[in-house]
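One file, data.cif, is given below (mmCIF, C-alpha atoms).
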data_start
loop_
_atom_site.label_atom_id
_atom_site.label_comp_id
_atom_site.auth_asym_id
_atom_site.auth_seq_id
_atom_site.Cartn_x
_atom_site.Cartn_y
_atom_site.Cartn_z
CA MET Y 1 114.21 105.86 141.69
CA ASN Y 2 112.92 105.89 145.26
CA GLY Y 3 111.85 108.91 147.30
CA SER Y 4 115.20 109.76 148.91
CA GLU Y 5 117.04 109.48 145.58
CA PHE Y 6 114.48 111.75 143.95
CA VAL Y 7 114.81 114.33 146.76
CA ALA Y 8 118.61 114.34 146.38
CA LEU Y 9 118.30 114.80 142.62
CA ARG Y 10 115.86 117.67 142.93
CA ALA Y 11 117.85 119.43 145.67
CA THR Y 12 120.19 120.89 143.06
CA GLY Y 13 117.31 122.87 141.55
CA THR Y 14 114.86 125.41 142.89
CA TYR Y 15 111.83 123.14 143.09
CA GLN Y 16 109.46 123.45 146.03
CA ASN Y 17 107.20 120.64 147.20
CA THR Y 18 103.46 120.92 146.64
CA LEU Y 19 100.89 120.13 149.33
CA ASP Y 20 100.80 116.53 148.04
CA GLU Y 21 104.59 116.09 148.11
CA SER Y 22 106.87 115.48 151.07
CA ASN Y 23 110.54 114.57 151.35
CA ASP Y 24 109.78 111.76 153.80
CA VAL Y 25 107.30 110.03 151.45
CA ASN Y 26 108.38 107.07 149.29
CA THR Y 27 105.49 105.92 147.08
CA ASP Y 28 105.92 102.82 144.92
CA TRP Y 29 103.48 103.67 142.14
CA GLN Y 30 104.12 100.42 140.28
CA ASP Y 31 103.23 98.39 143.37
CA LEU Y 32 99.98 100.35 143.62
CA LEU Y 33 99.20 99.55 139.98
CA TYR Y 34 100.16 95.97 139.13
CA LYS Y 35 98.13 92.90 139.95
CA THR Y 36 98.77 89.19 139.47
CA GLY Y 37 98.55 88.17 135.82
CA MET Y 38 97.42 84.81 134.52
CA VAL Y 39 97.63 83.00 131.19
CA THR Y 40 95.45 80.00 130.28
CA SER Y 41 95.48 77.95 127.09
CA HIS Y 42 93.26 75.02 126.10
CA ASP Y 43 93.42 72.97 122.90
CA ILE Y 44 91.54 69.93 121.68
CA GLY Y 45 92.01 68.12 118.40
CA VAL Y 46 91.36 64.95 116.47
CA ASN Y 47 93.17 63.57 113.44
CA GLY Y 48 93.23 60.39 111.45
CA GLY Y 49 93.56 58.97 108.00
CA THR Y 50 93.49 56.06 105.59
CA GLU Y 51 95.64 54.95 102.68
CA LYS Y 52 93.77 57.42 100.48
CA GLY Y 53 93.65 60.48 102.73
CA SER Y 54 94.02 62.21 106.07
CA TYR Y 55 92.09 64.72 108.17
CA SER Y 56 92.63 66.95 111.19
CA PHE Y 57 90.24 69.10 113.22
CA GLY Y 58 90.86 71.17 116.33
CA ALA Y 59 89.70 74.03 118.54
CA GLY Y 60 91.43 76.22 121.07
CA TYR Y 61 90.86 78.88 123.72
CA TYR Y 62 93.53 81.28 124.96
CA ARG Y 63 93.25 84.00 127.61
CA ASP Y 64 95.86 86.41 128.91
CA GLU Y 65 94.94 88.51 131.95
CA ALA Y 66 97.63 91.17 132.12
CA VAL Y 67 99.30 92.49 135.26
CA VAL Y 68 97.78 95.90 134.44
CA PRO Y 69 94.12 96.24 135.49
CA LEU Y 70 91.52 96.42 132.69
CA GLN Y 71 93.90 94.78 130.21
CA ASP Y 72 93.14 91.29 128.91
CA TYR Y 73 93.14 89.31 125.68
CA SER Y 74 90.95 86.34 124.70
CA ARG Y 75 91.08 84.25 121.54
CA TYR Y 76 88.88 81.44 120.23
CA SER Y 77 90.21 79.39 117.34
CA MET Y 78 89.09 76.57 115.04
CA ARG Y 79 91.15 74.76 112.44
CA ALA Y 80 90.54 71.96 109.97
CA SER Y 81 92.40 70.22 107.16
CA LEU Y 82 91.62 67.42 104.73
CA ASP Y 83 93.51 65.61 101.96
CA GLN Y 84 91.70 62.93 99.98
CA GLU Y 85 92.38 60.90 96.86
CA ILE Y 86 89.30 60.11 94.79
CA GLY Y 87 89.73 57.18 92.49
CA GLN Y 88 92.86 56.86 90.37
CA TYR Y 89 93.08 60.36 88.95
CA PHE Y 90 91.67 62.91 91.41
CA LYS Y 91 92.90 64.46 94.66
CA VAL Y 92 91.33 67.29 96.69
CA GLY Y 93 92.02 69.02 99.97
CA PHE Y 94 91.62 72.12 102.08
CA THR Y 95 92.91 73.85 105.20
CA SER Y 96 90.96 76.38 107.24
CA THR Y 97 92.04 78.47 110.23
CA ASN Y 98 89.56 80.77 111.99
CA ASN Y 99 90.13 83.10 114.95
CA TYR Y 100 87.93 85.40 117.01
CA SER Y 101 89.61 87.64 119.57
CA VAL Y 102 88.67 90.30 122.11
CA ASN Y 103 91.33 92.75 123.29
CA ASN Y 104 90.57 95.07 126.21
CA GLY Y 105 92.61 98.04 127.41
CA ASN Y 106 95.16 97.91 124.63
CA ASN Y 107 95.65 101.70 124.66
CA LEU Y 108 95.63 102.14 128.43
CA GLY Y 109 98.62 104.29 129.42
CA ALA Y 110 98.75 103.23 133.06
CA VAL Y 111 102.30 101.83 132.93
CA TYR Y 112 103.77 105.09 131.66
CA THR Y 113 101.79 106.98 134.29
CA ALA Y 114 103.18 104.78 137.08
CA LEU Y 115 106.73 105.28 135.83
CA ALA Y 116 106.29 109.04 135.46
CA ARG Y 117 104.77 109.82 138.88
CA SER Y 118 106.84 111.48 141.57
CA PRO Y 119 107.86 109.01 144.33
CA ILE Y 120 107.48 111.74 146.98
CA ALA Y 121 103.83 112.40 146.06
CA ASN Y 122 101.39 111.02 148.64
CA PRO Y 123 98.34 109.34 147.02
CA TYR Y 124 96.41 109.00 150.31
CA ASN Y 125 94.15 111.33 152.24
CA ALA Y 126 94.46 111.68 156.00
CA ASP Y 127 91.72 109.05 156.50
CA GLY Y 128 93.60 106.52 154.35
CA SER Y 129 91.39 106.83 151.28
CA LEU Y 130 92.89 107.40 147.85
CA LYS Y 131 93.07 110.90 146.48
CA GLU Y 132 91.48 111.51 143.10
CA ILE Y 133 93.95 114.22 142.04
CA ILE Y 134 97.47 115.02 143.22
CA GLN Y 135 99.56 118.11 142.53
CA GLU Y 136 103.12 117.54 141.35
CA GLN Y 137 105.56 120.43 141.23
CA SER Y 138 107.05 119.29 137.94
CA SER Y 139 103.88 118.29 136.04
CA GLY Y 140 100.93 119.91 137.80
CA ALA Y 141 97.61 118.23 138.59
CA GLN Y 142 97.60 114.48 137.91
CA TRP Y 143 94.91 111.80 138.03
CA VAL Y 144 95.78 109.14 140.61
CA SER Y 145 96.18 105.88 138.67
CA THR Y 146 96.17 102.85 140.94
CA ARG Y 147 94.85 99.31 140.71
CA GLU Y 148 91.92 100.09 143.01
CA ARG Y 149 91.05 103.26 141.13
CA LEU Y 150 91.13 101.62 137.70
CA GLU Y 151 89.03 98.65 138.77
CA SER Y 152 86.35 101.00 140.14
CA LEU Y 153 85.83 102.86 136.84
CA ASP Y 154 83.09 100.50 135.58
CA ASP Y 155 81.20 102.26 132.74
CA LYS Y 156 83.49 105.30 132.89
CA TYR Y 157 86.13 103.59 130.75
CA ILE Y 158 86.26 100.98 128.00
CA ASP Y 159 88.76 100.28 125.23
CA GLN Y 160 87.87 97.18 123.27
CA THR Y 161 88.82 95.66 119.93
CA ARG Y 162 86.99 92.67 118.50
CA SER Y 163 88.62 90.90 115.56
CA PHE Y 164 87.71 87.97 113.35
CA GLY Y 165 89.94 86.30 110.80
CA SER Y 166 89.36 83.38 108.45
CA TYR Y 167 92.19 81.96 106.34
CA ASN Y 168 91.34 79.22 103.87
CA THR Y 169 93.07 77.33 101.07
CA MET Y 170 91.63 74.64 98.78
CA TYR Y 171 93.09 72.61 95.97
CA GLY Y 172 92.07 70.10 93.36
CA GLU Y 173 94.40 67.93 91.29
CA VAL Y 174 93.77 65.64 88.34
CA LYS Y 175 96.10 63.36 86.45
CA ILE Y 176 95.43 63.60 82.72
CA PRO Y 177 94.44 60.11 81.48
CA GLY Y 178 96.52 58.76 78.62
CA VAL Y 179 99.47 61.15 79.12
CA GLU Y 180 101.95 59.84 81.66
CA GLY Y 181 103.40 62.56 83.92
CA LEU Y 182 100.87 65.25 82.96
CA LYS Y 183 98.59 66.72 85.63
CA TYR Y 184 96.56 69.85 86.33
CA ARG Y 185 96.19 71.50 89.74
CA ILE Y 186 94.16 74.47 90.94
CA ASN Y 187 94.87 76.27 94.22
CA VAL Y 188 92.34 78.69 95.70
CA GLY Y 189 92.92 80.98 98.68
CA LEU Y 190 90.17 82.93 100.46
CA ASN Y 191 91.03 85.18 103.42
CA TYR Y 192 88.92 87.57 105.46
CA ARG Y 193 89.92 89.89 108.31
CA GLN Y 194 87.61 92.21 110.26
CA SER Y 195 88.33 94.47 113.21
CA ASN Y 196 85.92 96.65 115.21
CA SER Y 197 87.22 98.97 117.92
CA GLY Y 198 85.49 101.24 120.39
CA SER Y 199 86.71 103.36 123.27
CA TYR Y 200 85.18 105.64 125.87
CA THR Y 201 86.80 107.76 128.56
CA GLY Y 202 84.43 109.40 131.01
CA GLU Y 203 84.45 112.95 132.31
CA GLY Y 204 87.65 113.72 134.22
CA VAL Y 205 89.04 110.18 133.85
CA PHE Y 206 92.85 110.15 133.46
CA SER Y 207 92.87 113.96 133.61
CA GLY Y 208 94.03 116.40 136.26
CA ASN Y 209 90.87 118.39 135.52
CA PRO Y 210 87.74 116.68 136.97
CA LYS Y 211 85.61 118.56 134.42
CA ASN Y 212 87.58 117.42 131.39
CA LEU Y 213 85.07 116.40 128.71
CA SER Y 214 84.38 112.74 128.05
CA THR Y 215 85.58 111.31 124.74
CA ALA Y 216 84.54 108.33 122.62
CA SER Y 217 85.54 106.85 119.30
CA VAL Y 218 84.83 103.91 117.03
CA ALA Y 219 86.92 102.45 114.22
CA ASN Y 220 86.52 99.51 111.90
CA SER Y 221 88.52 97.84 109.16
CA HIS Y 222 87.89 95.07 106.65
CA ARG Y 223 90.32 93.18 104.48
CA THR Y 224 89.43 90.51 101.93
CA ASN Y 225 91.82 88.59 99.74
CA TRP Y 226 91.35 85.89 97.14
CA ALA Y 227 93.85 84.11 94.93
CA VAL Y 228 93.49 81.48 92.21
CA GLU Y 229 96.46 79.59 90.81
CA ASN Y 230 96.34 77.22 87.84
CA LEU Y 231 99.23 74.82 87.26
CA LEU Y 232 99.83 72.45 84.37
CA THR Y 233 102.79 70.16 85.07
CA TYR Y 234 104.59 67.58 82.98
CA ASP Y 235 107.25 65.44 84.66
CA ARG Y 236 108.69 62.31 83.07
CA LEU Y 237 111.88 60.26 82.86
CA PHE Y 238 112.94 58.82 79.49
CA ALA Y 239 115.40 55.96 79.03
CA ASP Y 240 116.49 56.22 82.67
CA LYS Y 241 118.68 59.25 81.86
CA HIS Y 242 116.59 62.04 80.35
CA GLN Y 243 114.47 63.91 82.92
CA VAL Y 244 112.00 66.50 81.61
CA ASN Y 245 109.97 68.80 83.86
CA ALA Y 246 107.73 71.53 82.44
CA VAL Y 247 105.39 73.86 84.33
CA ALA Y 248 102.89 76.42 83.02
CA MET Y 249 101.19 78.67 85.55
CA TYR Y 250 98.56 81.39 85.53
CA SER Y 251 97.44 83.08 88.74
CA ALA Y 252 95.27 86.01 89.76
CA GLU Y 253 94.70 87.61 93.12
CA GLU Y 254 92.96 90.64 94.59
CA THR Y 255 93.02 92.39 97.96
CA GLN Y 256 90.43 94.90 99.15
CA TYR Y 257 90.94 96.98 102.28
CA ASN Y 258 88.92 99.74 103.88
CA ARG Y 259 88.88 101.42 107.26
CA SER Y 260 86.99 104.29 108.86
CA SER Y 261 86.84 106.00 112.23
CA ILE Y 262 85.02 108.77 114.08
CA SER Y 263 85.61 110.44 117.44
CA VAL Y 264 83.42 112.69 119.58
CA LYS Y 265 83.48 114.69 122.81
CA ASP Y 266 81.03 115.25 125.65
CA ILE Y 267 78.91 112.10 125.83
CA PRO Y 268 75.96 112.94 128.13
CA SER Y 269 75.94 109.61 130.00
CA ASP Y 270 78.49 106.92 130.84
CA ALA Y 271 75.86 104.36 129.88
CA PHE Y 272 76.21 105.32 126.21
CA GLN Y 273 79.97 104.70 126.13
CA PHE Y 274 80.84 104.38 122.40
CA TYR Y 275 77.57 102.73 121.35
CA ASN Y 276 75.67 105.92 120.44
CA LEU Y 277 78.04 108.64 119.28
CA GLY Y 278 75.12 110.56 117.83
CA ARG Y 279 74.21 111.63 121.37
CA ALA Y 280 77.46 113.59 121.77
CA ASN Y 281 77.03 117.25 122.76
CA GLY Y 282 80.54 118.26 121.70
CA ASP Y 283 82.78 118.09 118.67
CA ILE Y 284 82.38 115.26 116.17
CA THR Y 285 85.58 114.57 114.26
CA LEU Y 286 86.00 112.70 110.99
CA ASP Y 287 89.72 112.79 110.24
CA PRO Y 288 90.31 112.21 106.49
CA SER Y 289 93.70 110.64 107.21
CA ARG Y 290 91.95 107.86 109.15
CA GLN Y 291 89.56 106.90 106.33
CA GLU Y 292 90.96 104.61 103.67
CA TYR Y 293 89.96 102.43 100.74
CA GLU Y 294 92.35 100.43 98.58
CA VAL Y 295 92.09 97.67 96.00
CA SER Y 296 95.12 95.93 94.54
CA GLY Y 297 95.47 92.96 92.22
CA LEU Y 298 98.16 90.85 90.64
CA LEU Y 299 98.10 88.77 87.47
CA SER Y 300 100.95 86.34 86.85
CA TRP Y 301 102.02 84.07 84.02
CA MET Y 302 104.96 81.70 84.35
CA GLY Y 303 106.53 79.06 82.18
CA ARG Y 304 109.48 76.86 83.08
CA VAL Y 305 111.20 73.96 81.37
CA MET Y 306 113.92 71.90 83.03
CA TYR Y 307 115.97 69.17 81.39
CA SER Y 308 118.59 67.02 83.10
CA PHE Y 309 120.78 64.27 81.68
CA ASP Y 310 121.96 61.35 83.78
CA SER Y 311 121.51 63.44 86.94
CA ARG Y 312 124.70 65.28 85.98
CA TYR Y 313 123.78 68.09 83.60
CA MET Y 314 120.78 70.40 83.84
CA VAL Y 315 119.35 73.21 81.73
CA SER Y 316 116.38 75.32 82.80
CA VAL Y 317 114.50 78.12 81.08
CA THR Y 318 112.05 80.30 83.02
CA CYS Y 319 109.84 83.15 81.87
CA VAL Y 320 107.62 85.16 84.25
CA LEU Y 321 105.24 88.05 83.54
CA MET Y 322 103.44 89.87 86.35
CA VAL Y 323 100.91 92.69 86.07
CA LEU Y 324 100.26 94.76 89.20
CA LEU Y 325 96.99 96.70 89.45
CA VAL Y 326 96.36 99.26 92.20
CA TRP Y 327 93.27 101.38 92.87
CA PRO Y 328 92.80 104.30 93.53
CA MET Y 329 96.42 105.45 93.42
CA ALA Y 330 96.21 106.82 89.88
CA LYS Y 331 95.10 110.48 89.96
CA SER Y 332 93.10 109.98 86.77
CA GLY Y 333 91.05 107.28 88.44
CA ILE Y 334 92.46 104.70 86.03
CA PRO Y 335 94.16 101.79 87.80
CA ILE Y 336 97.94 101.71 87.67
CA LEU Y 337 99.37 98.88 85.56
CA ARG Y 338 102.90 97.68 86.10
CA PHE Y 339 104.39 94.98 83.90
CA LEU Y 340 107.19 92.98 85.46
CA PRO Y 341 108.66 90.56 82.89
CA VAL Y 342 111.32 88.15 84.10
CA GLY Y 343 113.28 85.64 82.05
CA THR Y 344 116.13 83.32 83.05
CA LEU Y 345 118.30 80.67 81.47
CA LYS Y 346 120.34 78.44 83.73
CA THR Y 347 122.74 75.59 83.16
CA LYS Y 348 124.30 73.47 85.86
CA HIS Y 349 126.78 70.61 86.02
CA LEU Y 350 126.01 68.20 88.83
CA CYS Y 351 128.99 66.13 90.00
CA LYS Y 352 127.98 62.57 90.74
CA MET Y 353 130.26 60.44 92.90
#
Translate the structure of the given file into structure tokens.
Amino acid sequence: MNGSEFVALRATGTYQNTLDESNDVNTDWQDLLYKTGMVTSHDIGVNGGTEKGSYSFGAGYYRDEAVVPLQDYSRYSMRASLDQEIGQYFKVGFTSTNNYSVNNGNNLGAVYTALARSPIANPYNADGSLKEIIQEQSSGAQWVSTRERLESLDDKYIDQTRSFGSYNTMYGEVKIPGVEGLKYRINVGLNYRQSNSGSYTGEGVFSGNPKNLSTASVANSHRTNWAVENLLTYDRLFADKHQVNAVAMYSAEETQYNRSSISVKDIPSDAFQFYNLGRANGDITLDPSRQEYEVSGLLSWMGRVMYSFDSRYMVSVTCVLMVLLVWPMAKSGIPILRFLPVGTLKTKHLCKM
């Protein structure tokens, strides 16, 4: 909505312009905010292999500079994979993906501010300089949020999240000598995720009150997960018509997660930002709803037998038992146990042309 449209809309009411508003003003707040964005992405990799195995390694860099000032995202990544046969009976392999990212300005509300400002409000002083505060009839005193103003904040504002994640899987497989079709395989998964956030808003920043107290906060979270899966498989064809496949599986996994945060008011110096919250002269807040610790686990047993005759008839029997463990959800402090037994029997007739 431009200035003239806004004036026509407001004419039906009893609103009076403030000293910063005029019916002949048409301010494009979005044009005063947005800048040119840019996205860059770089990747390099190498892969190869032999008759017995293959490998792949790579690295990447990604950066997104948003159209909103002070907002950007950077990510560094590394990945690797390997599959290798060792002799006649063994095979091993792994995959690993690792990321480190930095996110700035994720909680900046500048876009909403630009959309909410009155188009008939004049952001400039008589000498052409930007005003720090404007008065709007409908919403009162407002901080002038423009590209130039945001970029000049320096130490008065920061909102940054640094994250690291590592996701890894490994396996080992062995064919049992002397028993055709019988093999054992172990799969292992190890994952780690960490996030550290910090924000600081200086005195009067983003507020219609120049004396509004500064605020700062920090938050962190950690998540670890491991899983181990054991598989014993038997697969063999007898007399060209009888196919037998049997699988026995046992797996266990656990996930741990914790997060914590703290916020304060009235930091004595912009130089401290969120790096020394103990220097705060105002309120220190530890919100219980933003502190969390959880551990959960899962144990699974599975057995399956499949038999097919002449690729036309098939019978399968499957039995699964899962035990879910969750801490600290039980009020008694004892972990919750949930047994989830599953059993199936299937028969199928396969038409063969």
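Taken over the shown file, the PyMOL selection byres ((chain Y and resi 151-167) around 6) identifies Y:Ser96, Y:Thr97, Y:Asn98, Y:Asn99, Y:Tyr100, Y:Ser101, Y:Val102, Y:Asn103, Y:Asn104, Y:Gly105, Y:Glu148, Y:Arg149, Y:Leu150, Y:Asn168, Y:Asn191, Y:Tyr192, Y:Arg193, Y:Gln194, Y:Ser195, Y:Asn196, Y:Ser197, Y:Gly198, Y:Ser199, Y:Tyr200, Y:Thr201, Y:Gly202, Y:Asp270.
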### Task
Find the residue from Y:Tyr124, Y:Phe90, Y:Phe238, Y:Phe57 that sits nearest to Y:Thr27; use only C-alpha atoms when measuring.
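The answer is Y:Tyr124, which sits nearest to Y:Thr27.
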### Query
From the list Y:Asp283, Y:Asp20, Y:Glu136, Y:Asp266, which residue is nearest Y:Glu203 when using all atoms listed in the file?
Y:Asp266
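Evaluated against the shown file, the PyMOL selection byres ((chain Y and resi 110) around 8) gives Leu33, Val68, Leu108, Gly109, Val111, Tyr112, Thr113, Ala114 and Ser145 of chain Y.
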### Query
Once you count only C-alpha atoms, which residues end up no further than 12 Å from (100.9, 62.5, 78.8) in the file's frame, shown as an MDAnalysis selection string?
chainID Y and resid 175:184 232:237 246
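As for atom CA of Y:Asn212 and atom CA of Y:Asn26, they are spaced 29.3 Å apart.
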Got a minute to add N, CA and C atoms to stretch 93-114 of chain Y and dump it as a PDB file, in the coordinates of the input?
ATOM      1  N   GLY Y  93      91.688  68.729  98.583  1.00  0.00           N
ATOM      2  CA  GLY Y  93      92.020  69.020  99.970  1.00  0.00           C
ATOM      3  C   GLY Y  93      91.768  70.466 100.327  1.00  0.00           C
ATOM      4  N   PHE Y  94      91.783  70.740 101.616  1.00  0.00           N
ATOM      5  CA  PHE Y  94      91.620  72.120 102.080  1.00  0.00           C
ATOM      6  C   PHE Y  94      92.228  72.256 103.476  1.00  0.00           C
ATOM      7  N   THR Y  95      92.537  73.488 103.831  1.00  0.00           N
ATOM      8  CA  THR Y  95      92.910  73.850 105.200  1.00  0.00           C
ATOM      9  C   THR Y  95      92.151  75.122 105.556  1.00  0.00           C
ATOM     10  N   SER Y  96      91.720  75.219 106.796  1.00  0.00           N
ATOM     11  CA  SER Y  96      90.960  76.380 107.240  1.00  0.00           C
ATOM     12  C   SER Y  96      91.360  76.722 108.676  1.00  0.00           C
ATOM     13  N   THR Y  97      91.699  77.979 108.899  1.00  0.00           N
ATOM     14  CA  THR Y  97      92.040  78.470 110.230  1.00  0.00           C
ATOM     15  C   THR Y  97      91.182  79.703 110.520  1.00  0.00           C
ATOM     16  N   ASN Y  98      90.475  79.683 111.650  1.00  0.00           N
ATOM     17  CA  ASN Y  98      89.560  80.770 111.990  1.00  0.00           C
ATOM     18  C   ASN Y  98      89.813  81.217 113.432  1.00  0.00           C
ATOM     19  N   ASN Y  99      89.862  82.538 113.626  1.00  0.00           N
ATOM     20  CA  ASN Y  99      90.130  83.100 114.950  1.00  0.00           C
ATOM     21  C   ASN Y  99      89.163  84.235 115.255  1.00  0.00           C
ATOM     22  N   TYR Y 100      88.716  84.267 116.503  1.00  0.00           N
ATOM     23  CA  TYR Y 100      87.930  85.400 117.010  1.00  0.00           C
ATOM     24  C   TYR Y 100      88.589  85.862 118.300  1.00  0.00           C
ATOM     25  N   SER Y 101      88.895  87.147 118.394  1.00  0.00           N
ATOM     26  CA  SER Y 101      89.610  87.640 119.570  1.00  0.00           C
ATOM     27  C   SER Y 101      88.966  88.902 120.114  1.00  0.00           C
ATOM     28  N   VAL Y 102      89.140  89.101 121.420  1.00  0.00           N
ATOM     29  CA  VAL Y 102      88.670  90.300 122.110  1.00  0.00           C
ATOM     30  C   VAL Y 102      89.845  90.852 122.908  1.00  0.00           C
ATOM     31  N   ASN Y 103      90.191  92.105 122.636  1.00  0.00           N
ATOM     32  CA  ASN Y 103      91.330  92.750 123.290  1.00  0.00           C
ATOM     33  C   ASN Y 103      90.822  93.958 124.061  1.00  0.00           C
ATOM     34  N   ASN Y 104      91.029  93.966 125.374  1.00  0.00           N
ATOM     35  CA  ASN Y 104      90.570  95.070 126.210  1.00  0.00           C
ATOM     36  C   ASN Y 104      91.754  95.856 126.765  1.00  0.00           C
ATOM     37  N   GLY Y 105      91.608  97.178 126.784  1.00  0.00           N
ATOM     38  CA  GLY Y 105      92.610  98.040 127.410  1.00  0.00           C
ATOM     39  C   GLY Y 105      93.917  98.153 126.678  1.00  0.00           C
ATOM     40  N   ASN Y 106      93.903  97.915 125.378  1.00  0.00           N
ATOM     41  CA  ASN Y 106      95.160  97.910 124.630  1.00  0.00           C
ATOM     42  C   ASN Y 106      95.846  99.277 124.626  1.00  0.00           C
ATOM     43  N   ASN Y 107      95.070 100.353 124.710  1.00  0.00           N
ATOM     44  CA  ASN Y 107      95.650 101.700 124.660  1.00  0.00           C
ATOM     45  C   ASN Y 107      95.731 102.370 126.027  1.00  0.00           C
ATOM     46  N   LEU Y 108      95.562 101.597 127.079  1.00  0.00           N
ATOM     47  CA  LEU Y 108      95.630 102.140 128.430  1.00  0.00           C
ATOM     48  C   LEU Y 108      97.075 102.550 128.752  1.00  0.00           C
ATOM     49  N   GLY Y 109      97.269 103.795 129.155  1.00  0.00           N
ATOM     50  CA  GLY Y 109      98.620 104.290 129.420  1.00  0.00           C
ATOM     51  C   GLY Y 109      99.026 104.239 130.872  1.00  0.00           C
ATOM     52  N   ALA Y 110      98.511 103.264 131.613  1.00  0.00           N
ATOM     53  CA  ALA Y 110      98.750 103.230 133.060  1.00  0.00           C
ATOM     54  C   ALA Y 110     100.205 102.956 133.410  1.00  0.00           C
ATOM     55  N   VAL Y 111     100.902 102.154 132.612  1.00  0.00           N
ATOM     56  CA  VAL Y 111     102.300 101.830 132.930  1.00  0.00           C
ATOM     57  C   VAL Y 111     103.166 103.077 132.844  1.00  0.00           C
ATOM     58  N   TYR Y 112     103.001 103.845 131.778  1.00  0.00           N
ATOM     59  CA  TYR Y 112     103.770 105.090 131.660  1.00  0.00           C
ATOM     60  C   TYR Y 112     103.456 106.025 132.819  1.00  0.00           C
ATOM     61  N   THR Y 113     102.184 106.102 133.195  1.00  0.00           N
ATOM     62  CA  THR Y 113     101.790 106.980 134.290  1.00  0.00           C
ATOM     63  C   THR Y 113     102.480 106.568 135.584  1.00  0.00           C
ATOM     64  N   ALA Y 114     102.530 105.260 135.862  1.00  0.00           N
ATOM     65  CA  ALA Y 114     103.180 104.780 137.080  1.00  0.00           C
ATOM     66  C   ALA Y 114     104.669 105.094 137.083  1.00  0.00           C
TER      67      ALA Y 114
END
